[in-house]
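Content type CSV, N, CA and C atoms, from the file final28.csv:
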```csv
chain,number,residue,atom,x,y,z
A,1,MET,N,7.8,14.6,9.4
A,1,MET,CA,8.2,14.1,8.1
A,1,MET,C,6.9,13.6,7.4
A,2,ALA,N,6.8,14.0,6.1
A,2,ALA,CA,5.6,13.6,5.3
A,2,ALA,C,5.8,12.2,4.8
A,3,THR,N,4.7,11.4,4.8
A,3,THR,CA,4.7,10.1,4.3
A,3,THR,C,3.4,9.9,3.5
A,4,THR,N,3.4,10.1,2.2
A,4,THR,CA,2.3,10.0,1.3
A,4,THR,C,1.1,10.8,1.9
A,5,GLY,N,1.4,12.1,2.2
A,5,GLY,CA,0.3,12.9,2.8
A,5,GLY,C,0.2,12.8,4.3
A,6,MET,N,0.9,11.9,4.9
A,6,MET,CA,0.8,11.6,6.3
A,6,MET,C,2.0,12.3,7.0
A,7,TRP,N,1.9,12.7,8.2
A,7,TRP,CA,3.0,13.3,9.0
A,7,TRP,C,3.2,12.4,10.2
A,8,VAL,N,4.5,12.1,10.5
A,8,VAL,CA,4.9,11.3,11.6
A,8,VAL,C,5.2,12.3,12.8
A,9,THR,N,4.5,12.2,13.9
A,9,THR,CA,4.7,13.1,15.0
A,9,THR,C,6.1,12.9,15.7
A,10,ASP,N,6.6,13.9,16.3
A,10,ASP,CA,7.9,13.8,17.1
A,10,ASP,C,7.8,12.8,18.2
A,11,GLU,N,6.6,12.6,18.7
A,11,GLU,CA,6.4,11.6,19.8
A,11,GLU,C,6.7,10.2,19.3
A,12,CYS,N,6.4,9.9,18.0
A,12,CYS,CA,6.7,8.6,17.5
A,12,CYS,C,8.3,8.4,17.5
A,13,LYS,N,9.0,9.3,17.0
A,13,LYS,CA,10.4,9.2,16.9
A,13,LYS,C,11.1,9.2,18.3
A,14,ASN,N,10.6,10.1,19.2
A,14,ASN,CA,11.1,10.1,20.5
A,14,ASN,C,10.9,8.9,21.3
A,15,SER,N,9.7,8.3,21.2
A,15,SER,CA,9.4,7.1,21.9
A,15,SER,C,10.2,5.9,21.4
A,16,PHE,N,10.5,5.9,20.1
A,16,PHE,CA,11.3,4.9,19.5
A,16,PHE,C,12.7,5.0,20.0
A,17,MET,N,13.3,6.2,20.0
A,17,MET,CA,14.6,6.4,20.5
A,17,MET,C,14.8,6.0,22.0
A,18,GLU,N,13.7,6.3,22.8
A,18,GLU,CA,13.7,5.8,24.2
A,18,GLU,C,13.8,4.3,24.3
A,19,MET,N,13.0,3.7,23.4
A,19,MET,CA,13.0,2.2,23.4
A,19,MET,C,14.3,1.6,23.0
A,20,LYS,N,14.9,2.2,21.9
A,20,LYS,CA,16.1,1.7,21.4
A,20,LYS,C,17.3,1.9,22.3
A,21,TRP,N,17.5,3.1,22.8
A,21,TRP,CA,18.7,3.5,23.6
A,21,TRP,C,18.5,3.3,25.1
A,22,LYS,N,17.4,3.7,25.6
A,22,LYS,CA,17.2,3.7,27.1
A,22,LYS,C,16.5,2.4,27.6
A,23,LYS,N,15.9,1.7,26.7
A,23,LYS,CA,15.2,0.4,27.0
A,23,LYS,C,14.0,0.6,28.0
A,24,VAL,N,13.4,1.8,27.9
A,24,VAL,CA,12.2,2.1,28.8
A,24,VAL,C,10.9,1.5,28.3
A,25,HIS,N,10.9,1.1,27.0
A,25,HIS,CA,9.7,0.5,26.4
A,25,HIS,C,10.1,-0.8,25.8
A,26,ARG,N,9.1,-1.8,25.9
A,26,ARG,CA,9.3,-3.1,25.2
A,26,ARG,C,8.8,-3.1,23.8
A,27,TYR,N,7.7,-2.3,23.7
A,27,TYR,CA,7.1,-2.2,22.3
A,27,TYR,C,6.3,-0.9,22.2
A,28,ILE,N,6.1,-0.5,21.0
A,28,ILE,CA,5.3,0.7,20.7
A,28,ILE,C,4.3,0.4,19.6
A,29,VAL,N,3.1,0.8,19.7
A,29,VAL,CA,2.0,0.6,18.7
A,29,VAL,C,1.7,2.0,18.1
A,30,PHE,N,1.7,2.1,16.8
A,30,PHE,CA,1.5,3.4,16.1
A,30,PHE,C,0.2,3.3,15.4
A,31,LYS,N,-0.6,4.4,15.2
A,31,LYS,CA,-1.8,4.4,14.4
A,31,LYS,C,-1.8,5.7,13.6
A,32,ILE,N,-2.6,5.6,12.5
A,32,ILE,CA,-2.8,6.8,11.7
A,32,ILE,C,-4.1,7.4,12.0
A,33,ASP,N,-4.1,8.7,12.3
A,33,ASP,CA,-5.3,9.4,12.6
A,33,ASP,C,-5.7,10.0,11.2
A,34,GLU,N,-6.8,9.4,10.6
A,34,GLU,CA,-7.2,9.8,9.3
A,34,GLU,C,-7.6,11.2,9.2
A,35,GLY,N,-8.2,11.7,10.3
A,35,GLY,CA,-8.7,13.1,10.3
A,35,GLY,C,-7.6,14.1,10.2
A,36,SER,N,-6.6,14.0,11.1
A,36,SER,CA,-5.5,14.9,11.1
A,36,SER,C,-4.3,14.6,10.2
A,37,ARG,N,-4.4,13.3,9.7
A,37,ARG,CA,-3.4,12.8,8.8
A,37,ARG,C,-2.0,12.7,9.5
A,38,LEU,N,-2.0,12.3,10.8
A,38,LEU,CA,-0.8,12.1,11.5
A,38,LEU,C,-0.6,10.7,11.9
A,39,VAL,N,0.6,10.2,11.9
A,39,VAL,CA,1.0,8.9,12.5
A,39,VAL,C,1.3,9.2,14.0
A,40,THR,N,0.6,8.6,14.9
A,40,THR,CA,0.8,8.9,16.3
A,40,THR,C,1.1,7.6,17.1
A,41,VAL,N,1.5,7.8,18.3
A,41,VAL,CA,1.7,6.6,19.3
A,41,VAL,C,0.3,6.3,19.8
A,42,ASP,N,0.0,5.0,19.7
A,42,ASP,CA,-1.3,4.5,20.1
A,42,ASP,C,-1.1,3.9,21.5
A,43,LYS,N,-0.1,3.1,21.7
A,43,LYS,CA,0.2,2.4,23.0
A,43,LYS,C,1.7,2.2,23.2
A,44,VAL,N,2.1,2.3,24.4
A,44,VAL,CA,3.5,2.0,24.7
A,44,VAL,C,3.6,0.9,25.8
A,45,GLY,N,4.4,-0.1,25.6
A,45,GLY,CA,4.5,-1.2,26.5
A,45,GLY,C,5.7,-1.0,27.4
A,46,GLY,N,5.6,-1.0,28.7
A,46,GLY,CA,6.7,-0.8,29.6
A,46,GLY,C,7.7,-1.9,29.5
A,47,PRO,N,8.9,-1.8,30.2
A,47,PRO,CA,9.9,-2.7,30.1
A,47,PRO,C,9.6,-4.1,30.7
A,48,GLY,N,8.6,-4.2,31.5
A,48,GLY,CA,8.2,-5.4,32.1
A,48,GLY,C,7.1,-6.2,31.3
A,49,GLU,N,6.6,-5.5,30.3
A,49,GLU,CA,5.6,-6.2,29.4
A,49,GLU,C,6.4,-7.0,28.3
A,50,GLY,N,5.6,-7.9,27.7
A,50,GLY,CA,6.3,-8.7,26.7
A,50,GLY,C,5.5,-8.8,25.4
A,51,TYR,N,5.8,-9.8,24.6
A,51,TYR,CA,5.2,-10.1,23.3
A,51,TYR,C,3.6,-10.3,23.5
A,52,ASP,N,3.2,-11.0,24.5
A,52,ASP,CA,1.8,-11.3,24.6
A,52,ASP,C,1.0,-10.0,24.8
A,53,GLU,N,1.5,-9.1,25.5
A,53,GLU,CA,0.8,-7.8,25.7
A,53,GLU,C,0.7,-7.0,24.4
A,54,LEU,N,1.8,-7.1,23.6
A,54,LEU,CA,1.8,-6.4,22.3
A,54,LEU,C,0.7,-7.1,21.4
A,55,ALA,N,0.7,-8.4,21.3
A,55,ALA,CA,-0.3,-9.0,20.5
A,55,ALA,C,-1.7,-8.7,20.9
A,56,ALA,N,-1.9,-8.6,22.2
A,56,ALA,CA,-3.3,-8.3,22.8
A,56,ALA,C,-3.7,-6.9,22.5
A,57,SER,N,-2.7,-6.0,22.3
A,57,SER,CA,-3.0,-4.6,22.1
A,57,SER,C,-3.4,-4.3,20.7
A,58,LEU,N,-3.1,-5.2,19.7
A,58,LEU,CA,-3.5,-4.9,18.3
A,58,LEU,C,-4.9,-5.2,18.1
A,59,PRO,N,-5.7,-4.3,17.5
A,59,PRO,CA,-7.1,-4.5,17.2
A,59,PRO,C,-7.3,-5.6,16.2
A,60,THR,N,-8.4,-6.3,16.3
A,60,THR,CA,-8.7,-7.3,15.3
A,60,THR,C,-9.4,-6.8,14.0
A,61,ASP,N,-9.8,-5.5,14.1
A,61,ASP,CA,-10.5,-5.0,12.9
A,61,ASP,C,-10.0,-3.7,12.4
A,62,ASP,N,-8.7,-3.3,12.8
A,62,ASP,CA,-8.1,-2.1,12.2
A,62,ASP,C,-6.6,-2.3,12.1
A,63,CYS,N,-6.0,-1.6,11.2
A,63,CYS,CA,-4.6,-1.7,11.0
A,63,CYS,C,-3.7,-0.9,12.0
A,64,ARG,N,-2.5,-1.3,12.2
A,64,ARG,CA,-1.6,-0.6,13.1
A,64,ARG,C,-0.2,-0.9,12.6
A,65,TYR,N,0.8,-0.1,13.1
A,65,TYR,CA,2.2,-0.5,13.0
A,65,TYR,C,2.7,-0.7,14.4
A,66,ALA,N,3.7,-1.6,14.6
A,66,ALA,CA,4.2,-1.8,15.9
A,66,ALA,C,5.7,-2.0,15.7
A,67,VAL,N,6.5,-1.7,16.8
A,67,VAL,CA,7.9,-2.1,16.9
A,67,VAL,C,8.0,-2.8,18.2
A,68,PHE,N,8.8,-3.9,18.2
A,68,PHE,CA,9.0,-4.8,19.3
A,68,PHE,C,10.5,-5.0,19.5
A,69,ASP,N,10.9,-4.7,20.8
A,69,ASP,CA,12.3,-5.0,21.1
A,69,ASP,C,12.5,-6.4,21.7
A,70,PHE,N,13.1,-7.3,20.9
A,70,PHE,CA,13.2,-8.7,21.3
A,70,PHE,C,14.6,-8.9,21.9
A,71,ASP,N,14.6,-9.3,23.1
A,71,ASP,CA,15.9,-9.6,23.8
A,71,ASP,C,16.0,-11.2,23.8
A,72,PHE,N,17.2,-11.7,23.5
A,72,PHE,CA,17.4,-13.1,23.5
A,72,PHE,C,18.9,-13.4,23.8
A,73,VAL,N,19.2,-14.7,24.0
A,73,VAL,CA,20.5,-15.1,24.3
A,73,VAL,C,20.9,-16.1,23.1
A,74,THR,N,22.1,-15.8,22.5
A,74,THR,CA,22.5,-16.6,21.4
A,74,THR,C,23.1,-18.0,21.8
A,75,ASN,N,23.4,-18.8,20.9
A,75,ASN,CA,24.0,-20.1,21.2
A,75,ASN,C,25.3,-20.0,21.9
A,76,ASP,N,26.0,-18.8,21.6
A,76,ASP,CA,27.3,-18.5,22.2
A,76,ASP,C,27.1,-17.9,23.6
A,77,ASN,N,25.9,-17.9,24.1
A,77,ASN,CA,25.6,-17.3,25.4
A,77,ASN,C,25.8,-15.8,25.5
A,78,CYS,N,25.6,-15.1,24.3
A,78,CYS,CA,25.6,-13.6,24.3
A,78,CYS,C,24.2,-13.1,24.3
A,79,ARG,N,24.1,-12.0,25.1
A,79,ARG,CA,22.8,-11.3,25.2
A,79,ARG,C,22.7,-10.4,24.0
A,80,LYS,N,21.6,-10.5,23.2
A,80,LYS,CA,21.4,-9.6,22.1
A,80,LYS,C,19.9,-9.0,22.1
A,81,SER,N,19.8,-8.0,21.3
A,81,SER,CA,18.5,-7.4,21.2
A,81,SER,C,18.3,-7.0,19.7
A,82,LYS,N,17.1,-7.3,19.2
A,82,LYS,CA,16.7,-7.0,17.8
A,82,LYS,C,15.4,-6.3,17.8
A,83,ILE,N,15.3,-5.3,17.0
A,83,ILE,CA,14.0,-4.5,16.9
A,83,ILE,C,13.3,-5.0,15.6
A,84,PHE,N,12.0,-5.4,15.8
A,84,PHE,CA,11.1,-5.8,14.8
A,84,PHE,C,10.1,-4.7,14.5
A,85,PHE,N,9.9,-4.4,13.2
A,85,PHE,CA,8.8,-3.5,12.7
A,85,PHE,C,7.7,-4.4,12.2
A,86,ILE,N,6.5,-4.3,12.7
A,86,ILE,CA,5.4,-5.1,12.3
A,86,ILE,C,4.3,-4.3,11.7
A,87,ALA,N,3.9,-4.6,10.5
A,87,ALA,CA,2.8,-3.9,9.8
A,87,ALA,C,1.6,-4.8,10.0
A,88,TRP,N,0.7,-4.4,10.9
A,88,TRP,CA,-0.5,-5.2,11.2
A,88,TRP,C,-1.7,-4.8,10.4
A,89,SER,N,-2.2,-5.7,9.5
A,89,SER,CA,-3.3,-5.4,8.6
A,89,SER,C,-4.2,-6.6,8.6
A,90,PRO,N,-5.1,-6.7,9.7
A,90,PRO,CA,-6.0,-7.9,9.8
A,90,PRO,C,-7.0,-7.9,8.7
A,91,THR,N,-7.4,-9.1,8.4
A,91,THR,CA,-8.4,-9.4,7.3
A,91,THR,C,-9.6,-8.6,7.5
A,92,ALA,N,-10.1,-8.4,8.7
A,92,ALA,CA,-11.4,-7.7,9.0
A,92,ALA,C,-11.3,-6.2,8.9
A,93,SER,N,-10.1,-5.7,8.7
A,93,SER,CA,-10.0,-4.2,8.6
A,93,SER,C,-10.5,-3.7,7.2
A,94,ARG,N,-10.9,-2.4,7.2
A,94,ARG,CA,-11.4,-1.8,6.0
A,94,ARG,C,-10.3,-1.7,4.9
A,95,ILE,N,-10.8,-1.8,3.7
A,95,ILE,CA,-9.9,-1.8,2.5
A,95,ILE,C,-9.1,-0.4,2.5
A,96,ARG,N,-9.9,0.7,2.8
A,96,ARG,CA,-9.3,2.0,2.8
A,96,ARG,C,-8.1,2.1,3.8
A,97,ALA,N,-8.3,1.5,5.0
A,97,ALA,CA,-7.3,1.5,6.0
A,97,ALA,C,-6.1,0.7,5.6
A,98,LYS,N,-6.3,-0.5,5.0
A,98,LYS,CA,-5.2,-1.3,4.5
A,98,LYS,C,-4.4,-0.6,3.5
A,99,MET,N,-5.0,0.1,2.6
A,99,MET,CA,-4.3,0.9,1.5
A,99,MET,C,-3.5,2.0,2.2
A,100,LEU,N,-4.1,2.7,3.1
A,100,LEU,CA,-3.5,3.9,3.8
A,100,LEU,C,-2.3,3.4,4.5
A,101,TYR,N,-2.4,2.3,5.3
A,101,TYR,CA,-1.2,1.8,6.0
A,101,TYR,C,-0.1,1.3,5.1
A,102,ALA,N,-0.5,0.6,4.0
A,102,ALA,CA,0.5,0.1,3.1
A,102,ALA,C,1.3,1.2,2.4
A,103,THR,N,0.6,2.3,2.0
A,103,THR,CA,1.3,3.4,1.4
A,103,THR,C,2.1,4.3,2.3
A,104,SER,N,1.8,4.3,3.6
A,104,SER,CA,2.5,5.1,4.6
A,104,SER,C,3.6,4.4,5.3
A,105,LYS,N,3.7,3.1,5.1
A,105,LYS,CA,4.7,2.3,5.9
A,105,LYS,C,6.1,2.7,5.7
A,106,GLU,N,6.6,2.9,4.5
A,106,GLU,CA,8.0,3.2,4.3
A,106,GLU,C,8.4,4.5,4.9
A,107,GLY,N,7.5,5.5,4.9
A,107,GLY,CA,7.8,6.8,5.5
A,107,GLY,C,8.1,6.7,6.9
A,108,LEU,N,7.2,6.0,7.7
A,108,LEU,CA,7.4,5.8,9.1
A,108,LEU,C,8.7,4.9,9.3
A,109,ARG,N,8.9,3.9,8.5
A,109,ARG,CA,10.0,3.0,8.6
A,109,ARG,C,11.3,3.8,8.5
A,110,ARG,N,11.4,4.8,7.6
A,110,ARG,CA,12.6,5.6,7.5
A,110,ARG,C,12.9,6.5,8.7
A,111,VAL,N,11.8,7.0,9.3
A,111,VAL,CA,12.0,7.8,10.5
A,111,VAL,C,12.5,7.0,11.7
A,112,LEU,N,12.1,5.7,11.8
A,112,LEU,CA,12.5,4.9,12.9
A,112,LEU,C,13.8,4.2,12.5
A,113,ASP,N,14.9,4.8,12.8
A,113,ASP,CA,16.2,4.3,12.4
A,113,ASP,C,16.8,3.3,13.4
A,114,GLY,N,17.1,2.1,12.9
A,114,GLY,CA,17.6,1.1,13.7
A,114,GLY,C,16.8,-0.2,13.8
A,115,ILE,N,15.9,-0.3,12.9
A,115,ILE,CA,15.0,-1.5,12.9
A,115,ILE,C,15.8,-2.6,12.2
A,116,HIS,N,15.8,-3.8,12.7
A,116,HIS,CA,16.5,-5.0,12.2
A,116,HIS,C,15.7,-5.8,11.2
A,117,TYR,N,14.4,-6.0,11.5
A,117,TYR,CA,13.6,-6.9,10.7
A,117,TYR,C,12.2,-6.3,10.5
A,118,ASP,N,11.6,-6.5,9.3
A,118,ASP,CA,10.3,-6.1,8.9
A,118,ASP,C,9.4,-7.4,8.9
A,119,MET,N,8.2,-7.2,9.3
A,119,MET,CA,7.2,-8.3,9.2
A,119,MET,C,5.9,-7.7,8.8
A,120,GLN,N,5.1,-8.5,8.0
A,120,GLN,CA,3.8,-8.1,7.6
A,120,GLN,C,2.9,-9.2,8.2
A,121,ALA,N,1.8,-8.8,8.9
A,121,ALA,CA,0.9,-9.8,9.4
A,121,ALA,C,-0.5,-9.5,9.2
A,122,THR,N,-1.3,-10.5,8.9
A,122,THR,CA,-2.8,-10.3,8.8
A,122,THR,C,-3.5,-11.1,9.9
A,123,ASP,N,-2.8,-12.0,10.5
A,123,ASP,CA,-3.4,-12.6,11.7
A,123,ASP,C,-2.3,-13.0,12.7
A,124,PRO,N,-2.6,-13.2,13.9
A,124,PRO,CA,-1.5,-13.4,15.0
A,124,PRO,C,-0.5,-14.5,14.7
A,125,THR,N,-0.9,-15.6,13.9
A,125,THR,CA,0.0,-16.6,13.6
A,125,THR,C,1.2,-16.2,12.7
A,126,GLU,N,1.0,-15.2,11.9
A,126,GLU,CA,2.0,-14.7,11.0
A,126,GLU,C,3.1,-13.8,11.7
A,127,MET,N,2.8,-13.5,13.0
A,127,MET,CA,3.8,-12.7,13.8
A,127,MET,C,4.0,-13.3,15.1
A,128,GLY,N,3.8,-14.6,15.2
A,128,GLY,CA,4.0,-15.3,16.5
A,128,GLY,C,5.4,-15.3,17.0
A,129,MET,N,5.5,-15.6,18.3
A,129,MET,CA,6.8,-15.6,18.9
A,129,MET,C,7.8,-16.5,18.3
A,130,ASP,N,7.3,-17.7,17.7
A,130,ASP,CA,8.1,-18.6,17.0
A,130,ASP,C,8.7,-18.0,15.8
A,131,VAL,N,7.9,-17.2,15.1
A,131,VAL,CA,8.4,-16.5,13.8
A,131,VAL,C,9.5,-15.5,14.2
A,132,ILE,N,9.3,-14.7,15.3
A,132,ILE,CA,10.2,-13.7,15.7
A,132,ILE,C,11.5,-14.4,16.1
A,133,LYS,N,11.5,-15.5,16.9
A,133,LYS,CA,12.7,-16.2,17.3
A,133,LYS,C,13.4,-16.7,16.1
A,134,ASP,N,12.7,-17.3,15.1
A,134,ASP,CA,13.4,-17.8,13.9
A,134,ASP,C,14.1,-16.7,13.1
A,135,ARG,N,13.5,-15.5,13.0
A,135,ARG,CA,14.1,-14.4,12.3
A,135,ARG,C,15.3,-13.8,13.0
A,136,ALA,N,15.3,-13.8,14.4
A,136,ALA,CA,16.3,-13.2,15.2
A,136,ALA,C,17.6,-14.0,15.2
A,137,LYS,N,17.6,-15.2,14.8
A,137,LYS,CA,18.8,-16.1,14.9
A,137,LYS,C,19.9,-15.6,14.0
```
Go through the file and emit its structure as structure tokens.
Amino acid sequence: MATTGMWVTDECKNSFMEMKWKKVHRYIVFKIDEGSRLVTVDKVGGPGEGYDELAASLPTDDCRYAVFDFDFVTNDNCRKSKIFFIAWSPTASRIRAKMLYATSKEGLRRVLDGIHYDMQATDPTEMGMDVIKDRAK
């Protein structure tokens, strides 16, 4: 699928579906390859990995997209799962990269059907576990 001149690979959609339905991934990090103009899978977190591993896998000087499957228990003692889409655009990244990721975000977001919440973050505090917990309620 084209997204402002970018193409989302089948691997992106397939990995997301595996995370959503089979629960074989806790998170997926996507990147844009500027040379080939493809949105590709950069890293996949296994079911035993958590939020800390996701945060550690995001570069401090380049943009990425990520999806995170957050499992929690409600006040009614019900197990729930919510999928977060995170647009990571750190302050130290290049302006060209920030613009490219900003304009391509909606196209990828449309391909990944079943996301509950969107987040934009420029530093780790804007996407901390406390923020995710607050949104998931």
Checklist line | Atomic distance CA of Lys80 (chain A) - atom N of Tyr51 (chain A), expressed in Å with one decimal | finding: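 Between these atoms lies a distance of 15.8 Å.
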Those in chain A with alpha helix (DSSP H) from DSSP, as an mmCIF file with N, CA and C atoms, in the coordinates of the input:
```cif
data_model
loop_
_atom_site.group_PDB
_atom_site.id
_atom_site.type_symbol
_atom_site.label_atom_id
_atom_site.label_comp_id
_atom_site.auth_asym_id
_atom_site.auth_seq_id
_atom_site.Cartn_x
_atom_site.Cartn_y
_atom_site.Cartn_z
ATOM 1 N N ASP A 10 6.600 13.900 16.300
ATOM 2 C CA ASP A 10 7.900 13.800 17.100
ATOM 3 C C ASP A 10 7.800 12.800 18.200
ATOM 4 N N GLU A 11 6.600 12.600 18.700
ATOM 5 C CA GLU A 11 6.400 11.600 19.800
ATOM 6 C C GLU A 11 6.700 10.200 19.300
ATOM 7 N N CYS A 12 6.400 9.900 18.000
ATOM 8 C CA CYS A 12 6.700 8.600 17.500
ATOM 9 C C CYS A 12 8.300 8.400 17.500
ATOM 10 N N LYS A 13 9.000 9.300 17.000
ATOM 11 C CA LYS A 13 10.400 9.200 16.900
ATOM 12 C C LYS A 13 11.100 9.200 18.300
ATOM 13 N N ASN A 14 10.600 10.100 19.200
ATOM 14 C CA ASN A 14 11.100 10.100 20.500
ATOM 15 C C ASN A 14 10.900 8.900 21.300
ATOM 16 N N SER A 15 9.700 8.300 21.200
ATOM 17 C CA SER A 15 9.400 7.100 21.900
ATOM 18 C C SER A 15 10.200 5.900 21.400
ATOM 19 N N PHE A 16 10.500 5.900 20.100
ATOM 20 C CA PHE A 16 11.300 4.900 19.500
ATOM 21 C C PHE A 16 12.700 5.000 20.000
ATOM 22 N N MET A 17 13.300 6.200 20.000
ATOM 23 C CA MET A 17 14.600 6.400 20.500
ATOM 24 C C MET A 17 14.800 6.000 22.000
ATOM 25 N N TYR A 51 5.800 -9.800 24.600
ATOM 26 C CA TYR A 51 5.200 -10.100 23.300
ATOM 27 C C TYR A 51 3.600 -10.300 23.500
ATOM 28 N N ASP A 52 3.200 -11.000 24.500
ATOM 29 C CA ASP A 52 1.800 -11.300 24.600
ATOM 30 C C ASP A 52 1.000 -10.000 24.800
ATOM 31 N N GLU A 53 1.500 -9.100 25.500
ATOM 32 C CA GLU A 53 0.800 -7.800 25.700
ATOM 33 C C GLU A 53 0.700 -7.000 24.400
ATOM 34 N N LEU A 54 1.800 -7.100 23.600
ATOM 35 C CA LEU A 54 1.800 -6.400 22.300
ATOM 36 C C LEU A 54 0.700 -7.100 21.400
ATOM 37 N N ALA A 55 0.700 -8.400 21.300
ATOM 38 C CA ALA A 55 -0.300 -9.000 20.500
ATOM 39 C C ALA A 55 -1.700 -8.700 20.900
ATOM 40 N N ALA A 56 -1.900 -8.600 22.200
ATOM 41 C CA ALA A 56 -3.300 -8.300 22.800
ATOM 42 C C ALA A 56 -3.700 -6.900 22.500
ATOM 43 N N SER A 57 -2.700 -6.000 22.300
ATOM 44 C CA SER A 57 -3.000 -4.600 22.100
ATOM 45 C C SER A 57 -3.400 -4.300 20.700
ATOM 46 N N ILE A 95 -10.800 -1.800 3.700
ATOM 47 C CA ILE A 95 -9.900 -1.800 2.500
ATOM 48 C C ILE A 95 -9.100 -0.400 2.500
ATOM 49 N N ARG A 96 -9.900 0.700 2.800
ATOM 50 C CA ARG A 96 -9.300 2.000 2.800
ATOM 51 C C ARG A 96 -8.100 2.100 3.800
ATOM 52 N N ALA A 97 -8.300 1.500 5.000
ATOM 53 C CA ALA A 97 -7.300 1.500 6.000
ATOM 54 C C ALA A 97 -6.100 0.700 5.600
ATOM 55 N N LYS A 98 -6.300 -0.500 5.000
ATOM 56 C CA LYS A 98 -5.200 -1.300 4.500
ATOM 57 C C LYS A 98 -4.400 -0.600 3.500
ATOM 58 N N MET A 99 -5.000 0.100 2.600
ATOM 59 C CA MET A 99 -4.300 0.900 1.500
ATOM 60 C C MET A 99 -3.500 2.000 2.200
ATOM 61 N N LEU A 100 -4.100 2.700 3.100
ATOM 62 C CA LEU A 100 -3.500 3.900 3.800
ATOM 63 C C LEU A 100 -2.300 3.400 4.500
ATOM 64 N N TYR A 101 -2.400 2.300 5.300
ATOM 65 C CA TYR A 101 -1.200 1.800 6.000
ATOM 66 C C TYR A 101 -0.100 1.300 5.100
ATOM 67 N N ALA A 102 -0.500 0.600 4.000
ATOM 68 C CA ALA A 102 0.500 0.100 3.100
ATOM 69 C C ALA A 102 1.300 1.200 2.400
ATOM 70 N N THR A 103 0.600 2.300 2.000
ATOM 71 C CA THR A 103 1.300 3.400 1.400
ATOM 72 C C THR A 103 2.100 4.300 2.300
ATOM 73 N N SER A 104 1.800 4.300 3.600
ATOM 74 C CA SER A 104 2.500 5.100 4.600
ATOM 75 C C SER A 104 3.600 4.400 5.300
ATOM 76 N N LYS A 105 3.700 3.100 5.100
ATOM 77 C CA LYS A 105 4.700 2.300 5.900
ATOM 78 C C LYS A 105 6.100 2.700 5.700
ATOM 79 N N GLU A 106 6.600 2.900 4.500
ATOM 80 C CA GLU A 106 8.000 3.200 4.300
ATOM 81 C C GLU A 106 8.400 4.500 4.900
ATOM 82 N N GLY A 107 7.500 5.500 4.900
ATOM 83 C CA GLY A 107 7.800 6.800 5.500
ATOM 84 C C GLY A 107 8.100 6.700 6.900
ATOM 85 N N LEU A 108 7.200 6.000 7.700
ATOM 86 C CA LEU A 108 7.400 5.800 9.100
ATOM 87 C C LEU A 108 8.700 4.900 9.300
ATOM 88 N N ARG A 109 8.900 3.900 8.500
ATOM 89 C CA ARG A 109 10.000 3.000 8.600
ATOM 90 C C ARG A 109 11.300 3.800 8.500
ATOM 91 N N ARG A 110 11.400 4.800 7.600
ATOM 92 C CA ARG A 110 12.600 5.600 7.500
ATOM 93 C C ARG A 110 12.900 6.500 8.700
ATOM 94 N N VAL A 111 11.800 7.000 9.300
ATOM 95 C CA VAL A 111 12.000 7.800 10.500
ATOM 96 C C VAL A 111 12.500 7.000 11.700
ATOM 97 N N MET A 129 5.500 -15.600 18.300
ATOM 98 C CA MET A 129 6.800 -15.600 18.900
ATOM 99 C C MET A 129 7.800 -16.500 18.300
ATOM 100 N N ASP A 130 7.300 -17.700 17.700
ATOM 101 C CA ASP A 130 8.100 -18.600 17.000
ATOM 102 C C ASP A 130 8.700 -18.000 15.800
ATOM 103 N N VAL A 131 7.900 -17.200 15.100
ATOM 104 C CA VAL A 131 8.400 -16.500 13.800
ATOM 105 C C VAL A 131 9.500 -15.500 14.200
ATOM 106 N N ILE A 132 9.300 -14.700 15.300
ATOM 107 C CA ILE A 132 10.200 -13.700 15.700
ATOM 108 C C ILE A 132 11.500 -14.400 16.100
ATOM 109 N N LYS A 133 11.500 -15.500 16.900
ATOM 110 C CA LYS A 133 12.700 -16.200 17.300
ATOM 111 C C LYS A 133 13.400 -16.700 16.100
ATOM 112 N N ASP A 134 12.700 -17.300 15.100
ATOM 113 C CA ASP A 134 13.400 -17.800 13.900
ATOM 114 C C ASP A 134 14.100 -16.700 13.100
ATOM 115 N N ARG A 135 13.500 -15.500 13.000
ATOM 116 C CA ARG A 135 14.100 -14.400 12.300
ATOM 117 C C ARG A 135 15.300 -13.800 13.000
ATOM 118 N N ALA A 136 15.300 -13.800 14.400
ATOM 119 C CA ALA A 136 16.300 -13.200 15.200
ATOM 120 C C ALA A 136 17.600 -14.000 15.200
#
```
Notebook entry, point to check: Could you pull out the strand (DSSP E or B) residues of region 4-129 of chain A from DSSP and send them as a PyMOL selection string?
Noted result: chain A and resi 6-8+27-33+38-45+64-73+79-88+117-121
Please identify every residue of region 35-101 of chain A that has at least one atom no farther than 8 Å from an atom of region 8-15 of chain A, counting all atoms listed in the file, and for each give the shortest atom pair and the distance in Å to one decimal, arranged by chain then increasing number, as a tab-separated table.
```
residue	atom	partner	partner_atom	distance
A:Arg37	C	A:Val8	N	6.6
A:Leu38	CA	A:Val8	N	5.4
A:Val39	C	A:Thr9	N	4.4
A:Thr40	N	A:Thr9	N	5.4
A:Val41	N	A:Cys12	CA	5.3
A:Asp42	N	A:Cys12	CA	7.9
```
Next item on the list: Check the smallest atom-to-atom distance from each of A:Phe72, A:Arg79, A:Thr103, A:Asp113 to Arg135 (chain A) using only C-alpha atoms, then report the winner.
Entry: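 Comparing A:Phe72, A:Arg79, A:Thr103, A:Asp113 against Arg135 (chain A), the winner is A:Phe72.
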Next item on the list: Quick one: everything within 6 Å of region 56-64 of chain A, counting all atoms listed in the file, minus sequence neighbours fewer than 6 positions away in the same chain. Send it as a PyMOL selection string.
Entry: chain A and resi 30-31+86-90+92-94
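Computed from the coordinates, the CA of Lys133 (chain A) to atom C of Asp71 (chain A) distance equals 8.8 Å.
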Checklist line | Residue among A:Thr91, A:Arg26, A:Lys98, A:Pro47 lying closest to Ala121 (chain A), counting only N, CA and C atoms | finding: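 For Ala121 (chain A), the nearest of the given residues is A:Thr91.
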Next item on the list: Work out how far apart CA of Tyr117 (chain A) and CA of Asp76 (chain A) are and give it in Å to one decimal.
Entry: 21.3 Å
